[in-house]
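To start, the structure under review is shown below, and the notes come after it.
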Amino acid sequence: MNLDLVATGTAAAVVAAATLRAATPILFASLGGLISELAGCINVALEGVMLVAAFAGVITSAYSTLWFPDAPLWLHPWLGCAAGLLAGTALAGLLAVFHLELGADLIVAGIGLNILAQGLTVLLMAHLTGDKGSTASLASFALPSLRWPGIGAVPVLGVLLNGDEDTGHNVLVYVAMAATGLIAWALRHTVFGLRLRATGENAEAALAAGLPVRRLRYAGLLLSGLLASGGGVFLGMGYLTLFQADMAAGRGYLALAAVFLGGRRPLGTVVAALVFGAASVTAARLGQLAVPAEVVFMIPPLVTIAALVLVKQHQRLATRRRAAAGRAALLSP
Amino acid sequence: MRGQPLALVLMVMVMAVLTPAGAGARAADGRPQRVAFFVNGALGDKSFFDSAARGLRQAKADLHLATRTIEGGYDPTRWESGLVDLADSGDFPIIVTGTYTMGPLVQKVAPDYPDVTFILFDGVVDYAHCACHNVYSMRFRQNEGGYLAGVLAAGLMRTGAIPGAAPGLVGLVGAMPIPVINDFAAGYVAGAQDAAPGITVLRQFANSFSDPAMGKEIAKAQYGQGAGVIFQVAGATGQGVIEAAEETGRYVIGVDSDQAALYRVSSPRRAARILTSVMKNVDTAILRALRLWQQGRLPLGRTESLGLKEGAIGLADNPDAALTVPPAVRAAVAAARQRIIDGTLTVPTAFAGGRP
Amino acid sequence: MTEGARIALAVGAALALGFLVMACVTDQPWAAFRALVTGPLPSMERAADGRLVMHRLVRFGAWLQDATTLTLVGLAIAIPFRARQFSLGADGQLFMGALAAAALSLGLGDVPAAIALPLAFLAAAMAGAAWGLAAGLLKTRFEANEIVTTLMLNVVAVQVYRLIVGRVLNDPTAGFITTPPLPGAATLGPLIARTNVTAMVLVAPAAVAAVVFLLRRTTLGYEIDLAGANPWFAARAGVPVARATVLAFALGGAFAGLAGFHVSNALLKRLPVDLTPGMGLEGIVVALLARGRVAALPLAALGYAYLRVGAQAMERATDVPREVVLVIQALIILFVVSDRLAPLALGSLRRVWMRIGRTA
Amino acid sequence: MTVAPLAIALEDVEKRYPNGTLANSGVSFTVAAGEIHALVGENGAGKSTVMKMLYGLERPTAGALRIHGLLADFRHPGDAIAAGVGLVAQHLNLVPSLTVAENVVLGHEPRKPGGRLDRVAAAARVRELVGQSGLAVDPAATVASLPVGVRQRVEILKVLHRGARIILLDEPTAVLTPPETATLFATLRHLAAAGHTVLVITHKLDEVKALAGGVTVLCQGRVTGNARMADVNEGTLARLMVGRDLPPPPPRRPAGARLAPRVIARDLGYVDGDGAIRLRDVGFEVAPGEILGIAGVEGNGQDVLARLLSGAAVPTTGDARLDGRVFTGLSPRAARSLGVAVVTEDRLHDGAAPTLSIVDNLLATRYAQPPLSRRGLIDRGTARRWAEAVIAGFDVRATGPHQPIGALSGGNMQKLILAREIADAPAFLVASQPTRGVDIAAAAALHTRLVALRDQGAAILLISADLDELLVLSDRIAVLYRGRIVARFEAGAVDARTLGLHMTGLGPEPKGGDHD
């Protein structure tokens with residue numbers, strides 16, 4: 001095999017593996033955003049959900065060694081994971097209560113909950129650890145990585161499947177991929193998916209069909225919380241092994257953008273999330289060149305805008321083609 | 001019924017207005033003197049502000065001062081009013097604040113409150129253009145620490161002791177290209193070049209002080225290119241660099257505080273990846289300044305420059321990584337340190353016009 | 001129940017809950033609470049010679065300064081909202097406005113205030129408007145979701161701002177990344193000593209009045225309203241819907257740009273690189289507290305700013321950390337927008353009361 | 001005498017909305033099982049509220065509902081469905097992006113293990129229901145692609161799928177052609193014969209007569225009449241509904257010499273974004289003082305024609321001239337400035353802004369010209385005075401010029417829309433479904449206004465699904481079928497049955513050329 005080809009392939013695989021890693025939190029959150037959006041409830045609180053989930057996960061995994069000193073070591077990260085999912089879902093539940101029960105505007109309530117998450121996590125962290133910045137001083141755990149045995153030496157594929165350090169991808173990376181497939185399938189093929197889509201598209205019709213619209217919306221928002229929590233837990237217990245104030249760093253908003261960029265469809269959303277992941281990896285790697293960091297960080301937003309414009313132009317061209325064909329038919333006797 | 005809550009609020013407001021301001025504020029004899037620490041940001045950065053806060057806590061214990069830390073938040077439009085409010089309240093005879101950003105604000109506020117003493121760390125006021133007789137400022141020569149880090153990193157690479165790393169490559173991850181960070185970097189690059197001429201220093205900024213995930217990604221990219229050691233000057237973002245070091249089995253140099261100490265108990269494996277940390281001893285510098293102030297010996301109206309010589313800058317000793325660094329490299333670092341203290345070596349700085 | 005009473009009740013409930021949080025983190029919750037509620041007000045003290053002396057004017061000033069910015073960014077949200085566009089772009093528009101005002105002020109150099117100020121003012125408004133226009137055109141020409149485009153344009157604006165402040169306008173002698181101080185002629189002087197309360201404090205309500213007039217009395221305002229109320233109908237009736245929508249974005253952007261002018265030429269008088277994003281989001285909160293009524297924006301801004309300055313006062317007076325303030329802020333936002341909260345609470349209160357009455 | 005078991009019984013039902021509006025008060029009536037019962041009344045009489053209460057969408061504030069003798073306290077449509085009640089609403093409640101089968105089974109889906117939707121079973125179920133009821137629909141079609149008449153069939157199938165014994169229909173014929181109506185009625189009779197109970201809301205009295213066995217009349221929220229169909233005639237019903245006698249129908253235009261045409265449309269064709277031909281070879285002339293009626297089943301190109309003629313869409317081929325000047329292909333505003341006015345088909349969608357005030361709605365077409373605005377400034381005083389004059393002149397029931405127009409009844413809203421469109425004395429008015437969903441009295445008033453405009457010399461194109469309306473008002477009638485004009489008639493020389501045949505494509509081939 002050509003050595004150059006292997007080198008290029010390996011470099012590409014490194015970037016691909018990094019992209020997967022960087023895209024996973026966004027992917028989780030954007031799947032969540034998609035579900036609630038399809039149920040007719042835009043979830044702006046994804047950012048806060050991720051933050052709360054990361055916090056609860058890290059703190060619980062660290063403290064579980066104190067609470068359950070006799071438990072096997074592998075259990076602690078999973079306890080943290082469970083706590084993170086629970087806490088993030090609870091925050092989404094709060095959003096649902098404020099919107100569905102108390103009549104709060106969804107977007108503003110979402111912003112409010114983001115602020116609440118920002119304040120509460122730091123407040124609690126300071127209260128528990130005496131540190132306002134991060135939990136670096138706590139012995140917290142990461143969720144395990146899955147490594148494909150026996151392919152570490154295989155060029156390109158080894159890097160792709162087992163990551164650039166041959167440690168394998170975090171289990172949550174696989175969960176995210178599985179969740180993507182599952183959600184795409186469930187939305188299309190299950191009764192629940194049908195009902196959820198019907199609720200989001202025409203709530204009145206869903207109500208008239210006897211669907212429990214409010215309960216479906218709760219389900220949409222809670223599910224979106226659960227998924228976004230997955231992203232938060234990955235940030236704190238996979239990507240990193242610590243909680244840092246404000247560590248979601250805008251990924252929740254990016255995820256929301258991914259939902260719209262992906263045309264509110266599962267596959268499109270996944271592609272958009274990967275694009276955002278790739279953009280941030282590019283930003284991390286382009287910095288070696290003489291490009292100002294500011295310019296690099298403009299890439300993801302500009303790509304998003306360009307994509308929105310191009311998609312529209314594409315649709316327009318298709319429409320124009322169809323219309324031209326119709327016109328020809330009209331003019332022919 | 002409807003008007004009642006509003007009336008209650010109004011009553012509270014009226015009562016508050018009638019209460020005299022700053023009751024019991026001015027320090028009477030025998031009561032601890034009150035020190036305010038104004039943070040133009042928030043605590044928890046694991047390095048700079050946290051270190052300063054540590055100094056204040058130490059002062060509270062050692063000097064029996066009553067300290068209060070006020071976090072001004074990240075919105076710069078509120079810092080001026082925050083500072084003026086502290087000075088104006090009359091509650092605090094001395095106000096501590098830091099960073100170059102606060103310099104011009106102190107310069108603006110201090111002349112209006114001649115009875116209040118200001119300690120400005122890691123920042124300066126222009127004494128030539130302001131009547132700042134009540135301001136003591138100190139700046140740090142962090143480039144000297146950066147230089148030692150560079151000597152250490154490049155020296156270690158030259159030994160070829162790090163498996164998989166390219167010998168001619170070291171890395172640096174910064175938070176943002178601000179002068180203080182550039183100053184660390186300028187010293188680091190100079191030190192690396194002096195120790196191993198022709199060595200390449202990879203440099204990248206994360207564009208954020210608080211995105212460890214980004215820090216980790218950048219560090220992985222640099223390690224992936226072959227860097228064996230990365231000097232992180234990135235605030236909380238740097239925690240990601242440290243994690244990347246652990247995962248890739250390479251090394252990192254911390255900044256501001258002894259960052260190995262952070263992990264020594266919780267994660268010894270990680271601590272072992274931190275060769276050392278370039279210490280910027282803001283805490284001891286502040287403690288010293290407050291002590292001098294208490295003794296009436298604080299040199300007001302001037303800037304003090306603090307570096308290796310004064311003990312304000314230094315390398316932390318990390319026993320966990322001690323075995324990693326060969327004696328020859330240690331010796332080179334020690335020699336460089338001595339030459340800087342002696343004044344035989346001048347480290348380049350990122351501050352325009354040399355010393356501000 | 002009137003809207004005012006409902007909001008008062010919601011704020012009261014949020015403060016009460018906030019008080020509980022405070023009680024958990026400090027042993028002097030009452031002092032903290034008092035500081036929060038009375039912080040922004042100046043206090044009077046009888047001096048030794050019997051005269052009344054005003055104290056804490058700086059907090060009062062901070063209140064007005066904050067309310068000024070908030071009113072302007074509130075307008076930036078409220079105007080596109082009239083055209084049913086949910087713009088989140090006030091942030092980017094503010095950054096571009098501040099940048100334009102500062103760049104122009106520096107570029108003009110030594111010219112009289114009568115020239116420098118109006119030009120900087122206009123430059124800020126136009127830069128903000130241009131940034132708003134971009135979102136508007138993306139919406140009308142390409143049907144790009146405005147929530148996404150404005151969020152993305154915000155990121156771009158912040159990076160452009162950092163690029164230019166850091167690499168073009170940078171003052172190398174400053175020791176931190178910032179522009180040089182703006183020329184005195186281009187900056188606004190304080191109306192209250194030792195504060196940055198400037199003429200902008202009058203510009204903000206004037207801007208609100210102008211917008212109210214625009215929406216109520218001009219054909220453009222009518223077009224914006226109609227385009228927002230029912231774009232399909234507006235189009236059939238002959239209203240230039242796309243133009244009205246784009247102009248609503250641009251107009252909103254102009255006011256966010258003015259908020260930028262307020263930041264650069266009145267508050268900071270130079271631009272540091274670390275101007276934090278997020279003020280645009282505050283604009284959304286203000287616009288929603290005002291329930292979309294433009295005339296109510298100054299009131300909402302004053303109320304919200306009062307809370308924020310009170311929060312600072314609280315932090316200064318006690319050991320309550322600033323994050324408590326974030327929590328209270330969040331609670332107020334949540335409670336105020338929860339339309340059904342007050343009736344629900346009052347209803348259950350009444351039921352409890354009746355039950356007590358029955359058992360008694 | 002044995003009493004048939006009662007399927008529906010309302011006992012002194014009151015509904016007061018939280019804002020204080022009293023929609024129903026003391027409403028009592030009964031419907032026997034297997035009966036087709038009509039609920040008639042003017043718009044705003046409270047008919048729809050009764051339906052909503054029976055379907056669990058609203059809860060009565062006093063009184064009781066009984067379904068098959070059991071007290072029904074529905075909190076949610078699910079409860080009503082469980083009790084065997086189904087509703088076919090006036091604004092059809094379907095999810096456009098889903099298929100017919102998915103819409104029909106929504107809420108009661110056939111499942112496969114694992115919560116999966118059984119699409120095969122769903123389609124089979126729909127085919128089975130189609131077979132039982134005779135309502136022809138393709139289960140795999142996407143609802144968005146179906147014409148309104150077919151969508152309504154989907155709604156009925158939906159109701160049947162849940163096994164409803166009681167079927168509520170709210171104005172089911174408003175969007176149907178005569179043949180479709182006939183099919184629907186046959187289906188309903190068929191269902192009633194099979195033991196279903198049918199409650200129909202309508203205000204078309206001939207339909208009541210043709211369909212129902214019993215009738216209940218509502219007026220202003222109260223029951224004003226309750227009778228067996230055999231005992232009443234249309235006149236008595238109308239009086240019960242309106243509370244007074246109806247005005248006579250507008251006088252027909254005296255036949256005279258036809259003037260030179262004012263509006264000439266030639267060869268109009270339109271292709272939409274999907275490449276579908278929606279209109280082709282449409283040509284007609286309208287003389288001043290003439291009303292040209294356009295008949296057709298909904299979705300055969302009427303909406304496209306109205307849009308082309310009012311500047312909302314650009315024709316792919318052909319053009320139309322008003323007094324010699326081309327006015328198609330221009331913007332709506334430019335078309336209006338040439339003297340074209342339009343009453344759109346769906347007043348809530350693109351005929352008005354429901355949340356805005358009456359004044360603001362009236363302003364929409366004239367705000368940019370004196371005397372309502374000068375140099376970009378709107379003269380609010382003049383606007384208010386104009387609105388007050390319109391409210392008085394058109395007998396609009398409103399609290400004042402600042403009331404949101406959406407709070408008015410359909411008839412009052414439509415009066416205001418017509419008032420706005422004819423305020424500038426247009427040379428050409430395109431009126432689409434001007435009296436759809438409007439009560440009898442308001443419809444009569446609107447007709448009078450249209451005739452008055454005609455008599456002033458305006459050319460009017462009247463597009464309507466209501467054949468009675470077309471026959472009464474038009475001078476000539478053209479029939480649109482699949483985007484073409486397939487037949488043309490002098491109004492006096494045609495009846496509803498013939499029109500209906502042409503509308504469904506069953507008429508003889510069109511004779512003659514494109515122009516008459």
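Please note that chains go A, B, ... in the order of the structure tokens, that every chain numbers its residues from 1, and that ligands are numbered from 1 in the order shown.
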So which residues touch stretch 105-118 of chain A within 9 Å, counting only C-alpha atoms, skipping near sequence neighbours fewer than 3 positions away, as a PyMOL selection string?
-> (chain A and resi 41-49+51-52+91-92+94-96+98-100+121-123+245-246) or (chain C and resi 281+284-285+288+323+326-335+337-339)
Dump as a count of residues only the residues of chain D that approach chain A to within 6 Å, counting only C-alpha atoms.
-> 14
Find the distance between atom CA of A:Leu302 and atom CA of C:Ala127 and write it in Å to one decimal.
->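 That distance, rounded to one decimal, is 18.8 Å.
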Residues of chain D that approach chain C to 8 Å or less, counting only C-alpha atoms: could you list each one with the shortest pair of atoms and its distance in Å to one decimal, rows by chain and increasing residue number, as a Markdown table?
```
| residue | atom | partner | partner_atom | distance |
| --- | --- | --- | --- | --- |
| D:Ser310 | CA | C:Arg236 | CA | 7.7 |
| D:Gly311 | CA | C:Arg236 | CA | 7.8 |
| D:Ala312 | CA | C:Arg236 | CA | 6.3 |
| D:Ser331 | CA | C:Gly238 | CA | 7.2 |
| D:Pro332 | CA | C:Gly238 | CA | 4.7 |
| D:Arg333 | CA | C:Gly238 | CA | 4.1 |
| D:Ala334 | CA | C:Gly238 | CA | 7.8 |
| D:Arg336 | CA | C:Gly238 | CA | 7.5 |
| D:His349 | CA | C:Phe233 | CA | 6.7 |
| D:Asp350 | CA | C:Phe233 | CA | 3.7 |
| D:Gly351 | CA | C:Phe233 | CA | 5.4 |
| D:Ala352 | CA | C:Phe233 | CA | 5.8 |
| D:Ala353 | CA | C:Asn230 | CA | 5.3 |
| D:Pro354 | CA | C:Ala229 | CA | 7.8 |
| D:Thr355 | CA | C:Ala229 | CA | 6.7 |
| D:Leu356 | CA | C:Ala229 | CA | 7.1 |
| D:Ala364 | CA | C:Ala237 | CA | 5.9 |
| D:Thr365 | CA | C:Ala237 | CA | 5.1 |
| D:Tyr367 | CA | C:Thr219 | CA | 6.7 |
| D:Ala368 | CA | C:Thr219 | CA | 6.5 |
| D:Ser373 | CA | C:Thr219 | CA | 7.4 |
| D:Gly376 | CA | C:Thr219 | CA | 5.2 |
| D:Leu377 | CA | C:Thr218 | CA | 4.3 |
| D:Ile378 | CA | C:Arg217 | CA | 5.0 |
| D:Asp379 | CA | C:Arg217 | CA | 7.2 |
| D:Arg380 | CA | C:Arg217 | CA | 7.1 |
```
Residues from the last selection, N, CA and C atoms, saved as an mmCIF file, in the first residue's frame:
```cif
data_model
loop_
_atom_site.group_PDB
_atom_site.id
_atom_site.type_symbol
_atom_site.label_atom_id
_atom_site.label_comp_id
_atom_site.auth_asym_id
_atom_site.auth_seq_id
_atom_site.Cartn_x
_atom_site.Cartn_y
_atom_site.Cartn_z
ATOM 1 N N SER D 310 -55.451 39.366 -8.925
ATOM 2 C CA SER D 310 -55.268 40.399 -7.913
ATOM 3 C C SER D 310 -53.796 40.660 -7.621
ATOM 4 N N GLY D 311 -52.915 40.143 -8.474
ATOM 5 C CA GLY D 311 -51.497 40.464 -8.308
ATOM 6 C C GLY D 311 -50.773 39.595 -7.315
ATOM 7 N N ALA D 312 -51.457 38.579 -6.769
ATOM 8 C CA ALA D 312 -50.790 37.726 -5.781
ATOM 9 C C ALA D 312 -49.954 36.639 -6.456
ATOM 10 N N SER D 331 -47.613 43.804 -9.008
ATOM 11 C CA SER D 331 -47.743 43.553 -7.569
ATOM 12 C C SER D 331 -49.188 43.818 -7.166
ATOM 13 N N PRO D 332 -49.619 43.280 -6.011
ATOM 14 C CA PRO D 332 -50.984 43.553 -5.569
ATOM 15 C C PRO D 332 -51.260 45.050 -5.492
ATOM 16 N N ARG D 333 -50.241 45.790 -5.028
ATOM 17 C CA ARG D 333 -50.469 47.227 -4.873
ATOM 18 C C ARG D 333 -50.671 47.887 -6.232
ATOM 19 N N ALA D 334 -49.862 47.489 -7.217
ATOM 20 C CA ALA D 334 -49.984 48.088 -8.549
ATOM 21 C C ALA D 334 -51.339 47.734 -9.170
ATOM 22 N N ARG D 336 -54.032 47.089 -7.567
ATOM 23 C CA ARG D 336 -55.052 47.875 -6.878
ATOM 24 C C ARG D 336 -55.091 49.307 -7.402
ATOM 25 N N HIS D 349 -57.549 33.862 6.864
ATOM 26 C CA HIS D 349 -56.173 33.613 6.435
ATOM 27 C C HIS D 349 -55.563 34.814 5.728
ATOM 28 N N ASP D 350 -56.250 35.295 4.685
ATOM 29 C CA ASP D 350 -55.633 36.420 3.984
ATOM 30 C C ASP D 350 -56.621 37.528 3.654
ATOM 31 N N GLY D 351 -57.720 37.569 4.399
ATOM 32 C CA GLY D 351 -58.676 38.645 4.174
ATOM 33 C C GLY D 351 -58.685 39.664 5.282
ATOM 34 N N ALA D 352 -58.083 39.326 6.414
ATOM 35 C CA ALA D 352 -58.100 40.246 7.546
ATOM 36 C C ALA D 352 -56.983 39.855 8.511
ATOM 37 N N ALA D 353 -56.672 40.765 9.394
ATOM 38 C CA ALA D 353 -55.731 40.467 10.476
ATOM 39 C C ALA D 353 -56.553 40.412 11.759
ATOM 40 N N PRO D 354 -56.939 39.216 12.182
ATOM 41 C CA PRO D 354 -57.918 39.086 13.263
ATOM 42 C C PRO D 354 -57.540 39.796 14.563
ATOM 43 N N THR D 355 -56.238 39.876 14.842
ATOM 44 C CA THR D 355 -55.864 40.462 16.128
ATOM 45 C C THR D 355 -55.888 41.987 16.086
ATOM 46 N N LEU D 356 -55.925 42.564 14.897
ATOM 47 C CA LEU D 356 -55.899 44.027 14.817
ATOM 48 C C LEU D 356 -57.320 44.593 14.845
ATOM 49 N N ALA D 364 -55.947 48.701 5.596
ATOM 50 C CA ALA D 364 -54.922 47.900 4.927
ATOM 51 C C ALA D 364 -54.727 48.220 3.446
ATOM 52 N N THR D 365 -55.802 48.531 2.736
ATOM 53 C CA THR D 365 -55.636 48.762 1.296
ATOM 54 C C THR D 365 -55.508 50.244 0.963
ATOM 55 N N TYR D 367 -54.083 52.744 3.305
ATOM 56 C CA TYR D 367 -53.317 53.535 4.281
ATOM 57 C C TYR D 367 -52.288 54.428 3.622
ATOM 58 N N ALA D 368 -51.893 54.120 2.393
ATOM 59 C CA ALA D 368 -50.775 54.855 1.801
ATOM 60 C C ALA D 368 -51.228 56.054 0.972
ATOM 61 N N SER D 373 -53.502 59.085 4.837
ATOM 62 C CA SER D 373 -52.137 59.391 5.252
ATOM 63 C C SER D 373 -51.556 60.443 4.320
ATOM 64 N N GLY D 376 -46.381 59.909 4.610
ATOM 65 C CA GLY D 376 -45.979 58.819 5.493
ATOM 66 C C GLY D 376 -46.603 58.848 6.863
ATOM 67 N N LEU D 377 -47.411 59.874 7.148
ATOM 68 C CA LEU D 377 -48.054 59.942 8.474
ATOM 69 C C LEU D 377 -49.524 59.587 8.346
ATOM 70 N N ILE D 378 -49.965 58.665 9.157
ATOM 71 C CA ILE D 378 -51.357 58.237 9.096
ATOM 72 C C ILE D 378 -52.226 59.188 9.922
ATOM 73 N N ASP D 379 -53.334 59.585 9.332
ATOM 74 C CA ASP D 379 -54.261 60.471 10.050
ATOM 75 C C ASP D 379 -55.251 59.585 10.801
ATOM 76 N N ARG D 380 -54.934 59.344 12.058
ATOM 77 C CA ARG D 380 -55.744 58.405 12.844
ATOM 78 C C ARG D 380 -57.166 58.899 13.041
#
```
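Going from atom CA of C:Ala157 over to atom CA of C:Gly92, you cover 4.9 Å.
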